[in-house]
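Novice: Next up, data14.cif (mmCIF, C-alpha atoms and all ligand atoms).
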data_query
#
loop_
_atom_site.label_atom_id
_atom_site.label_comp_id
_atom_site.auth_asym_id
_atom_site.auth_seq_id
_atom_site.Cartn_x
_atom_site.Cartn_y
_atom_site.Cartn_z
CA MET M 4 23.07 -36.62 -52.79
CA LYS M 5 19.90 -34.68 -52.93
CA ILE M 6 18.49 -33.64 -49.57
CA PRO M 7 14.82 -32.68 -49.59
CA ILE M 8 14.26 -29.05 -48.67
CA THR M 9 11.76 -30.05 -45.98
CA ALA M 10 14.46 -32.07 -44.20
CA ILE M 11 16.73 -29.01 -44.13
CA VAL M 12 13.93 -26.91 -42.71
CA ILE M 13 13.19 -29.50 -40.00
CA LEU M 14 16.89 -29.81 -39.13
CA ALA M 15 17.32 -26.04 -38.90
CA ALA M 16 14.20 -25.71 -36.78
CA GLY M 17 15.46 -28.50 -34.52
CA LEU M 18 18.83 -26.80 -34.04
CA PHE M 19 17.11 -23.52 -33.29
CA TRP M 20 14.82 -25.22 -30.77
CA TRP M 21 17.72 -27.04 -29.13
CA SER M 22 19.87 -23.94 -28.81
CA GLY M 23 16.84 -22.11 -27.44
CA CYS M 24 16.32 -24.84 -24.85
CA GLU M 25 19.86 -24.58 -23.69
CA ARG M 26 19.37 -20.99 -22.72
CA THR M 27 16.15 -21.72 -20.94
CA PRO M 28 17.44 -22.53 -17.45
CA GLU M 29 19.38 -19.29 -17.20
CA THR M 30 16.51 -17.19 -18.53
CA SER M 31 13.93 -18.84 -16.32
CA GLN M 32 16.08 -18.49 -13.24
CA LYS M 33 16.47 -14.85 -13.97
CA SER M 34 12.78 -14.31 -14.56
CA GLN M 35 11.98 -16.18 -11.35
CA ALA M 36 14.23 -13.90 -9.40
CA ASN M 37 12.53 -10.88 -10.89
CA ALA M 38 9.05 -12.29 -10.81
CA ASN M 39 6.33 -11.03 -8.59
CA PRO M 40 5.76 -13.14 -5.50
CA SER M 41 4.65 -16.57 -6.74
CA GLN M 42 1.26 -18.10 -6.10
CA ASP M 43 2.84 -21.34 -4.85
CA ALA M 44 3.15 -20.58 -1.19
CA ALA M 45 -0.57 -20.02 -0.54
CA PRO M 46 -2.19 -22.23 2.08
CA ALA M 47 -3.35 -25.58 0.75
CA THR M 48 -6.90 -25.20 -0.45
CA ASN M 49 -9.29 -26.24 -3.17
CA ALA M 50 -10.45 -22.66 -3.30
CA PRO M 51 -11.75 -21.21 -6.56
CA ALA M 52 -10.31 -18.09 -8.17
CA THR M 53 -8.25 -16.02 -5.80
CA PRO M 54 -7.97 -12.40 -6.97
CA THR M 55 -4.64 -11.48 -8.58
CA ASN M 56 -1.83 -10.85 -6.12
CA MET M 57 -3.96 -11.86 -3.17
CA VAL M 58 -3.69 -14.92 -0.96
CA PHE M 59 -6.68 -16.96 0.16
CA ILE M 60 -6.64 -17.17 3.95
CA PRO M 61 -8.79 -20.12 5.03
CA ALA M 62 -11.10 -19.89 8.02
CA GLY M 63 -9.67 -21.18 11.28
CA ARG M 64 -9.00 -20.79 14.97
CA PHE M 65 -5.82 -19.57 16.61
CA LEU M 66 -4.31 -18.32 19.84
CA MET M 67 -4.11 -14.55 19.43
CA GLY M 68 -1.74 -12.52 21.60
CA ASP M 69 1.73 -12.66 23.10
CA LYS M 70 2.24 -13.66 26.73
CA ASP M 71 5.28 -11.37 26.94
CA GLN M 72 3.30 -8.22 26.09
CA VAL M 73 1.19 -6.36 28.63
CA ASP M 74 -1.61 -5.52 26.17
CA ALA M 75 -1.79 -8.85 24.34
CA LYS M 76 -3.19 -11.49 26.66
CA PRO M 77 -3.32 -14.76 24.68
CA HIS M 78 -6.90 -15.82 23.90
CA GLU M 79 -8.58 -18.05 21.35
CA VAL M 80 -10.09 -16.41 18.27
CA THR M 81 -11.97 -17.79 15.25
CA VAL M 82 -11.56 -16.06 11.91
CA SER M 83 -13.67 -16.42 8.75
CA ALA M 84 -12.03 -16.94 5.37
CA PHE M 85 -10.78 -13.90 3.48
CA PHE M 86 -8.34 -12.74 0.81
CA MET M 87 -5.29 -10.67 1.69
CA ASP M 88 -2.87 -8.73 -0.51
CA ARG M 89 0.32 -10.71 -1.02
CA THR M 90 2.38 -7.54 -0.58
CA LEU M 91 1.99 -4.08 0.89
CA VAL M 92 0.24 -1.66 -1.48
CA THR M 93 2.97 -0.20 -3.70
CA GLN M 94 3.46 3.42 -4.65
CA GLU M 95 2.62 2.50 -8.25
CA GLN M 96 -0.69 0.92 -7.22
CA TYR M 97 -1.55 3.81 -4.94
CA GLU M 98 -0.75 6.48 -7.48
CA LYS M 99 -2.71 4.70 -10.22
CA ALA M 100 -5.81 4.73 -8.02
CA MET M 101 -5.44 8.03 -6.18
CA GLY M 102 -3.50 10.18 -8.64
CA ASP M 103 -0.78 11.09 -6.16
CA ASN M 104 2.07 9.53 -4.25
CA PRO M 105 2.57 10.90 -0.74
CA SER M 106 5.66 8.76 -0.04
CA ARG M 107 8.90 10.22 1.22
CA TRP M 108 11.04 7.57 -0.48
CA LYS M 109 9.78 7.68 -4.06
CA ILE M 110 10.35 4.30 -5.73
CA SER M 111 7.43 2.80 -7.66
CA GLN M 112 7.75 -0.72 -6.22
CA ASN M 113 8.31 0.48 -2.68
CA PRO M 114 5.31 0.29 -0.41
CA VAL M 115 3.41 3.55 -0.25
CA GLU M 116 4.20 5.38 3.02
CA GLN M 117 3.27 8.64 4.68
CA VAL M 118 -0.31 7.43 4.40
CA ARG M 119 -2.72 8.08 7.21
CA TRP M 120 -5.34 5.51 8.20
CA SER M 121 -7.88 7.69 6.44
CA ASP M 122 -5.78 7.67 3.23
CA ALA M 123 -5.57 3.88 3.36
CA VAL M 124 -9.33 3.65 3.75
CA ARG M 125 -9.92 6.05 0.84
CA TYR M 126 -7.66 3.88 -1.28
CA CYS M 127 -9.64 0.77 -0.31
CA ASN M 128 -12.85 2.40 -1.51
CA LYS M 129 -11.27 3.68 -4.72
CA ARG M 130 -9.88 0.25 -5.52
CA SER M 131 -13.32 -1.30 -4.93
CA GLU M 132 -14.91 1.31 -7.18
CA MET M 133 -12.37 0.66 -9.96
CA GLU M 134 -13.25 -3.05 -9.85
CA GLY M 135 -17.01 -2.60 -9.56
CA LEU M 136 -17.17 -3.97 -5.99
CA ARG M 137 -19.36 -2.72 -3.18
CA LEU M 138 -17.58 -0.09 -1.09
CA CYS M 139 -16.73 -1.09 2.48
CA TYR M 140 -16.27 2.40 3.96
CA ASP M 141 -18.57 5.30 4.62
CA LEU M 142 -16.14 8.21 4.37
CA LYS M 143 -18.35 10.45 6.52
CA THR M 144 -18.53 8.11 9.52
CA TRP M 145 -15.39 6.02 8.75
CA LYS M 146 -17.48 2.94 9.53
CA CYS M 147 -16.71 -0.30 7.73
CA ASP M 148 -19.38 -2.50 6.17
CA PHE M 149 -17.96 -5.99 6.69
CA ASN M 150 -20.66 -7.50 4.45
CA ALA M 151 -19.50 -5.56 1.38
CA ASP M 152 -17.35 -7.50 -1.09
CA GLY M 153 -14.94 -4.60 -1.68
CA TYR M 154 -11.52 -3.87 -0.23
CA ARG M 155 -10.92 -2.90 3.37
CA LEU M 156 -8.17 -2.96 5.96
CA PRO M 157 -7.72 -6.21 7.89
CA THR M 158 -9.04 -6.43 11.41
CA GLU M 159 -6.32 -6.82 14.00
CA ALA M 160 -7.35 -10.47 14.44
CA GLU M 161 -7.24 -11.15 10.69
CA TRP M 162 -3.82 -9.55 10.47
CA GLU M 163 -2.36 -11.63 13.28
CA TYR M 164 -4.02 -14.83 12.08
CA ALA M 165 -2.58 -14.37 8.57
CA SER M 166 0.78 -13.29 9.93
CA ARG M 167 1.10 -16.35 12.17
CA ALA M 168 0.07 -18.67 9.33
CA GLY M 169 -0.62 -21.50 11.74
CA THR M 170 2.45 -20.89 13.91
CA THR M 171 2.35 -20.30 17.67
CA THR M 172 5.88 -18.94 18.17
CA ALA M 173 6.93 -15.32 18.74
CA TYR M 174 7.76 -14.99 15.02
CA PHE M 175 6.36 -17.17 12.23
CA PHE M 176 9.83 -18.72 11.86
CA GLY M 177 10.44 -19.44 15.58
CA ASP M 178 10.93 -17.85 18.96
CA SER M 179 14.36 -16.40 18.24
CA PRO M 180 14.74 -13.36 15.98
CA ALA M 181 17.96 -14.86 14.55
CA LYS M 182 16.37 -15.47 11.14
CA LEU M 183 14.46 -12.20 11.00
CA GLY M 184 16.84 -10.77 8.40
CA GLU M 185 15.73 -13.43 5.90
CA HIS M 186 12.13 -12.29 6.16
CA ALA M 187 12.08 -8.66 7.14
CA TRP M 188 13.56 -5.18 6.79
CA PHE M 189 14.09 -3.84 10.30
CA ASP M 190 16.55 -1.52 12.06
CA LYS M 191 19.51 -3.90 11.79
CA ASN M 192 19.40 -4.44 8.01
CA SER M 193 17.29 -1.73 6.38
CA GLY M 194 20.06 0.82 5.91
CA GLY M 195 17.73 3.48 7.26
CA HIS M 196 14.92 3.39 4.69
CA PRO M 197 12.02 1.24 3.44
CA HIS M 198 12.55 -1.27 0.60
CA PRO M 199 10.66 -2.51 -2.50
CA VAL M 200 7.98 -5.08 -1.67
CA GLY M 201 8.54 -8.82 -2.03
CA GLN M 202 12.32 -8.96 -1.70
CA LYS M 203 12.52 -11.01 1.49
CA GLN M 204 11.16 -14.52 2.02
CA PRO M 205 7.41 -14.67 2.66
CA ASN M 206 5.66 -16.25 5.63
CA PRO M 207 4.33 -19.84 5.27
CA TRP M 208 1.13 -18.55 3.64
CA GLY M 209 2.98 -16.52 1.02
CA LEU M 210 2.62 -13.05 2.52
CA TYR M 211 5.59 -10.75 1.95
CA ASP M 212 6.95 -8.09 4.32
CA ILE M 213 4.37 -9.04 6.92
CA CYS M 214 7.23 -8.49 9.37
CA GLY M 215 9.09 -5.22 9.02
CA ASN M 216 9.42 -2.75 6.12
CA LEU M 217 6.35 -0.71 7.16
CA TRP M 218 3.86 -0.92 10.00
CA GLU M 219 0.50 -1.98 8.55
CA TRP M 220 -2.73 -0.16 9.33
CA CYS M 221 -5.50 -2.34 10.67
CA ASN M 222 -9.16 -1.42 10.73
CA ASP M 223 -9.51 -1.62 14.53
CA PHE M 224 -9.36 1.10 17.11
CA TYR M 225 -6.67 0.37 19.67
CA LYS M 226 -7.59 -0.31 23.27
CA VAL M 227 -4.99 -1.54 25.69
CA ASP M 228 -7.25 -4.11 27.38
CA TYR M 229 -9.49 -4.99 24.42
CA TYR M 230 -8.46 -8.65 24.50
CA LYS M 231 -10.10 -9.04 27.90
CA ASP M 232 -13.60 -8.75 26.46
CA SER M 233 -13.26 -9.14 22.70
CA PRO M 234 -15.73 -11.57 21.09
CA PRO M 235 -14.27 -14.99 20.23
CA ALA M 236 -15.39 -14.95 16.58
CA ASP M 237 -14.23 -12.33 14.06
CA PRO M 238 -13.52 -9.55 16.57
CA GLN M 239 -13.70 -6.11 14.94
CA GLY M 240 -12.12 -3.97 17.64
CA PRO M 241 -13.66 -1.46 20.06
CA ASP M 242 -16.47 0.80 18.75
CA THR M 243 -14.56 3.97 19.48
CA GLY M 244 -11.05 5.08 20.29
CA ARG M 245 -8.39 7.70 19.69
CA THR M 246 -5.88 5.62 17.78
CA LYS M 247 -5.91 2.79 15.25
CA VAL M 248 -3.92 -0.43 15.45
CA VAL M 249 -0.78 -0.87 13.35
CA ARG M 250 1.05 -4.19 13.20
CA GLY M 251 4.23 -5.92 12.11
CA GLY M 252 7.11 -3.54 12.77
CA ALA M 253 8.98 -1.32 10.32
CA TRP M 254 12.36 -0.50 8.79
CA ARG M 255 13.58 1.59 11.70
CA PHE M 256 12.14 -0.49 14.53
CA SER M 257 13.76 -3.35 16.42
CA ALA M 258 13.16 -7.09 16.10
CA GLU M 259 10.90 -6.96 19.16
CA HIS M 260 8.34 -4.92 17.20
CA CYS M 261 8.16 -7.61 14.51
CA ARG M 262 6.75 -10.25 16.87
CA SER M 263 3.49 -11.69 15.53
CA GLY M 264 1.54 -10.56 18.58
CA TYR M 265 3.13 -7.13 19.08
CA ARG M 266 0.56 -4.32 19.12
CA TYR M 267 1.27 -0.71 18.25
CA ASN M 268 -1.06 2.21 17.50
CA GLU M 269 -1.21 5.60 15.87
CA SER M 270 -3.65 8.44 15.33
CA PRO M 271 -5.76 7.78 12.23
CA GLY M 272 -5.33 11.30 10.84
CA TYR M 273 -8.90 12.00 9.81
CA ALA M 274 -8.10 15.69 9.29
CA ASP M 275 -5.99 16.94 6.41
CA VAL M 276 -3.75 18.86 8.80
CA CYS M 277 -2.44 15.58 10.13
CA PHE M 278 0.21 13.83 8.14
CA GLY M 279 1.46 10.28 7.87
CA TYR M 280 4.96 9.09 8.65
CA ASP M 281 7.29 7.08 6.46
CA ILE M 282 6.86 4.06 8.69
CA TYR M 283 3.17 3.40 7.99
CA GLY M 284 1.75 1.49 5.04
CA PHE M 285 -0.98 -1.07 4.51
CA ARG M 286 -2.32 -4.03 2.60
CA CYS M 287 -5.98 -4.70 1.78
CA VAL M 288 -8.25 -7.65 2.42
CA ARG M 289 -11.55 -8.77 0.90
CA LYS M 290 -14.20 -11.07 2.19
CA ALA M 291 -14.14 -14.52 0.57
CA PRO M 292 -17.29 -15.42 -1.44
CA PRO M 293 -19.87 -17.83 0.06
CA PRO M 294 -18.51 -21.08 -1.49
CA MET M 295 -15.16 -20.38 0.15
CA GLU M 296 -16.73 -19.13 3.36
CA LYS M 297 -18.43 -22.52 3.72
CA GLU M 298 -15.04 -24.04 4.41
CA LYS M 299 -15.31 -22.89 7.96
CA GLN M 300 -18.33 -25.11 8.59
CA GLY M 301 -16.28 -28.14 7.63
CA LYS M 302 -13.65 -27.35 10.25
CA CA M 401 4.99 -5.10 7.52
#
Would it be possible to restate this file's structure as structure tokens?
Specialist:
Amino acid sequence: MKIPITAIVILAAGLFWWSGCERTPETSQKSQANANPSQDAAPATNAPATPTNMVFIPAGRFLMGDKDQVDAKPHEVTVSAFFMDRTLVTQEQYEKAMGDNPSRWKISQNPVEQVRWSDAVRYCNKRSEMEGLRLCYDLKTWKCDFNADGYRLPTEAEWEYASRAGTTTAYFFGDSPAKLGEHAWFDKNSGGHPHPVGQKQPNPWGLYDICGNLWEWCNDFYKVDYYKDSPPADPQGPDTGRTKVVRGGAWRFSAEHCRSGYRYNESPGYADVCFGYDIYGFRCVRKAPPPMEKEKQGK
């Protein structure tokens, strides 16, 4: 019997395709496990293009604070839409922009640490410059231009709003810290050092390591009783102060420090003689463009 050569080719191709398919589940599972944090967990939105590795945080209102903390009186706050980095800024990202890596624990996918507030702000400006965006910070006055479309640190309110992701409990997964180990590196599970970003489960809006791993620099000055007289819409912190707010807990701090409303603070380290500790890192935010901003009027 004479079999046409084309039939043989089709049969061979089919076998090849089939055997390839059979391997697919294993390969895709593996690549999922290794993949960067997925885009799937972002808040439901019809938002246009969200920048790579950022999450769109829709405008909204929430109860900011923690009734069990002396400096965090619960109060209602409205926040405009913005984008937030899905993970802490990694050592690789920082080094690419700044040409050095100040971290104590040198692993490229670890979050950059030993960064002062002033280093974080310099990075924000450099990242904006590299992407042709308007710079948010004046490095002489350290003032932030909130109208610029470049990168900046989140305000304390933005940080807590994004961290809570619509939840009202002590942690975004409930009032008990029992499940903290699934979401965060803290003193009980870190082994005494920070960890690569994105290894634990994210919060409901897809933000990784928002609890634990490293404290995250916020833009605001810290003031113990600021919540008493902060404006109800997009509060930007006191005008002056000695320390800057950090949020979210870190690898050598207890579960208590990971509470969504827990406030902590540290000297910004404007001067080069100051140095950062291996418990401080950061993630950047960017203002959402006008079409996305409009969402808040619909709410
Ligand atoms: Ca954190």
Novice: Kindly assemble as JSON lines a list of the chain M residues that lie within 8 Å of ligand CA 401 (chain M), each paired with its nearest atom pair and their distance in Å to one decimal, using all atoms listed in the file, sorted first by chain and then by ascending residue number.
Specialist:
{"residue": "M:Leu91", "atom": "CA", "partner": "M:CA401", "partner_atom": "CA", "distance": 7.3}
{"residue": "M:Ala187", "atom": "CA", "partner": "M:CA401", "partner_atom": "CA", "distance": 7.9}
{"residue": "M:Tyr211", "atom": "CA", "partner": "M:CA401", "partner_atom": "CA", "distance": 8.0}
{"residue": "M:Asp212", "atom": "CA", "partner": "M:CA401", "partner_atom": "CA", "distance": 4.8}
{"residue": "M:Ile213", "atom": "CA", "partner": "M:CA401", "partner_atom": "CA", "distance": 4.0}
{"residue": "M:Cys214", "atom": "CA", "partner": "M:CA401", "partner_atom": "CA", "distance": 4.5}
{"residue": "M:Gly215", "atom": "CA", "partner": "M:CA401", "partner_atom": "CA", "distance": 4.4}
{"residue": "M:Asn216", "atom": "CA", "partner": "M:CA401", "partner_atom": "CA", "distance": 5.2}
{"residue": "M:Leu217", "atom": "CA", "partner": "M:CA401", "partner_atom": "CA", "distance": 4.6}
{"residue": "M:Trp218", "atom": "CA", "partner": "M:CA401", "partner_atom": "CA", "distance": 5.0}
{"residue": "M:Glu219", "atom": "CA", "partner": "M:CA401", "partner_atom": "CA", "distance": 5.6}
{"residue": "M:Arg250", "atom": "CA", "partner": "M:CA401", "partner_atom": "CA", "distance": 7.0}
{"residue": "M:Gly251", "atom": "CA", "partner": "M:CA401", "partner_atom": "CA", "distance": 4.7}
{"residue": "M:Gly252", "atom": "CA", "partner": "M:CA401", "partner_atom": "CA", "distance": 5.9}
{"residue": "M:Ala253", "atom": "CA", "partner": "M:CA401", "partner_atom": "CA", "distance": 6.2}
{"residue": "M:Gly284", "atom": "CA", "partner": "M:CA401", "partner_atom": "CA", "distance": 7.8}
{"residue": "M:Phe285", "atom": "CA", "partner": "M:CA401", "partner_atom": "CA", "distance": 7.8}
Novice: So how far away is CA of Pro271 (chain M) from CA of Leu136 (chain M), in Å?
Specialist: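 Between CA of Leu136 (chain M) and CA of Pro271 (chain M) the gap works out to 24.5 Å.
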Novice: For His78 (chain M), find every residue with an atom within 10 Å (counting all atoms listed in the file), except residues of its own chain fewer than 4 positions away, and show them as a PyMOL selection string.
Specialist: chain M and resi 65-70+230-231+233+235
Novice: Please, which residues are within 9 Å of (4.0, -18.3, 19.7) by the file's coordinates, counting all atoms listed in the file, and could they come as a list in words?
Specialist: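 Checking each residue against the 9 Å limit leaves Leu66, Met67, Gly68, Asp69, Lys70, Arg167, Thr170, Thr171, Thr172, Ala173, Tyr174, Phe175, Gly177, Asp178, Arg262, Ser263 and Gly264 of chain M.
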Novice: For Pro105 (chain M), which of M:Lys191, M:Trp162, M:Phe278, M:Asn222 is the closest residue, counting only C-alpha atoms?
Specialist: M:Phe278
Novice: To one decimal in Å, tell me the separation between CA of Ala151 (chain M) and CA of Val82 (chain M).
Specialist: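 According to the coordinates, CA of Ala151 (chain M) and CA of Val82 (chain M) are separated by 16.9 Å.
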Novice: Please compute the CA of Ser270 (chain M)-CA of Leu142 (chain M) distance, one decimal, in Å.
Specialist: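 Spanning CA of Ser270 (chain M) to CA of Leu142 (chain M) is a straight-line distance of 16.6 Å.
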Novice: Neighbouring residues of Phe59 (chain M) were defined as those with any atom within 7 Å, considering only C-alpha atoms; residues of the same chain fewer than 5 positions away were excluded. Please report them as a PyMOL selection string.
Specialist: chain M and resi 45+53+85-87
Novice: For a quick check of your reading of the model, name the residues lying within 9 Å of the coordinate (-9.3, 0.6, -2.6), counting all atoms listed in the file, and write them as a PDB file with C-alpha atoms, in the frame of the given file.
Specialist:
ATOM      1  CA  TYR M  97      -1.550   3.810  -4.940  1.00  0.00           C
ATOM      2  CA  ALA M 100      -5.810   4.730  -8.020  1.00  0.00           C
ATOM      3  CA  ALA M 123      -5.570   3.880   3.360  1.00  0.00           C
ATOM      4  CA  VAL M 124      -9.330   3.650   3.750  1.00  0.00           C
ATOM      5  CA  ARG M 125      -9.920   6.050   0.840  1.00  0.00           C
ATOM      6  CA  TYR M 126      -7.660   3.880  -1.280  1.00  0.00           C
ATOM      7  CA  CYS M 127      -9.640   0.770  -0.310  1.00  0.00           C
ATOM      8  CA  ASN M 128     -12.850   2.400  -1.510  1.00  0.00           C
ATOM      9  CA  LYS M 129     -11.270   3.680  -4.720  1.00  0.00           C
ATOM     10  CA  ARG M 130      -9.880   0.250  -5.520  1.00  0.00           C
ATOM     11  CA  SER M 131     -13.320  -1.300  -4.930  1.00  0.00           C
ATOM     12  CA  GLU M 132     -14.910   1.310  -7.180  1.00  0.00           C
ATOM     13  CA  MET M 133     -12.370   0.660  -9.960  1.00  0.00           C
ATOM     14  CA  LEU M 138     -17.580  -0.090  -1.090  1.00  0.00           C
ATOM     15  CA  GLY M 153     -14.940  -4.600  -1.680  1.00  0.00           C
ATOM     16  CA  TYR M 154     -11.520  -3.870  -0.230  1.00  0.00           C
ATOM     17  CA  ARG M 155     -10.920  -2.900   3.370  1.00  0.00           C
ATOM     18  CA  CYS M 287      -5.980  -4.700   1.780  1.00  0.00           C
TER      19      CYS M 287
END
Novice: Can you work out which one of M:Phe189, M:Tyr140, M:Phe149, M:Trp120 has the shortest atom-to-atom distance to Ser257 (chain M), counting all atoms listed in the file?
Specialist: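 Selected residue with least distance to Ser257 (chain M): M:Phe189.
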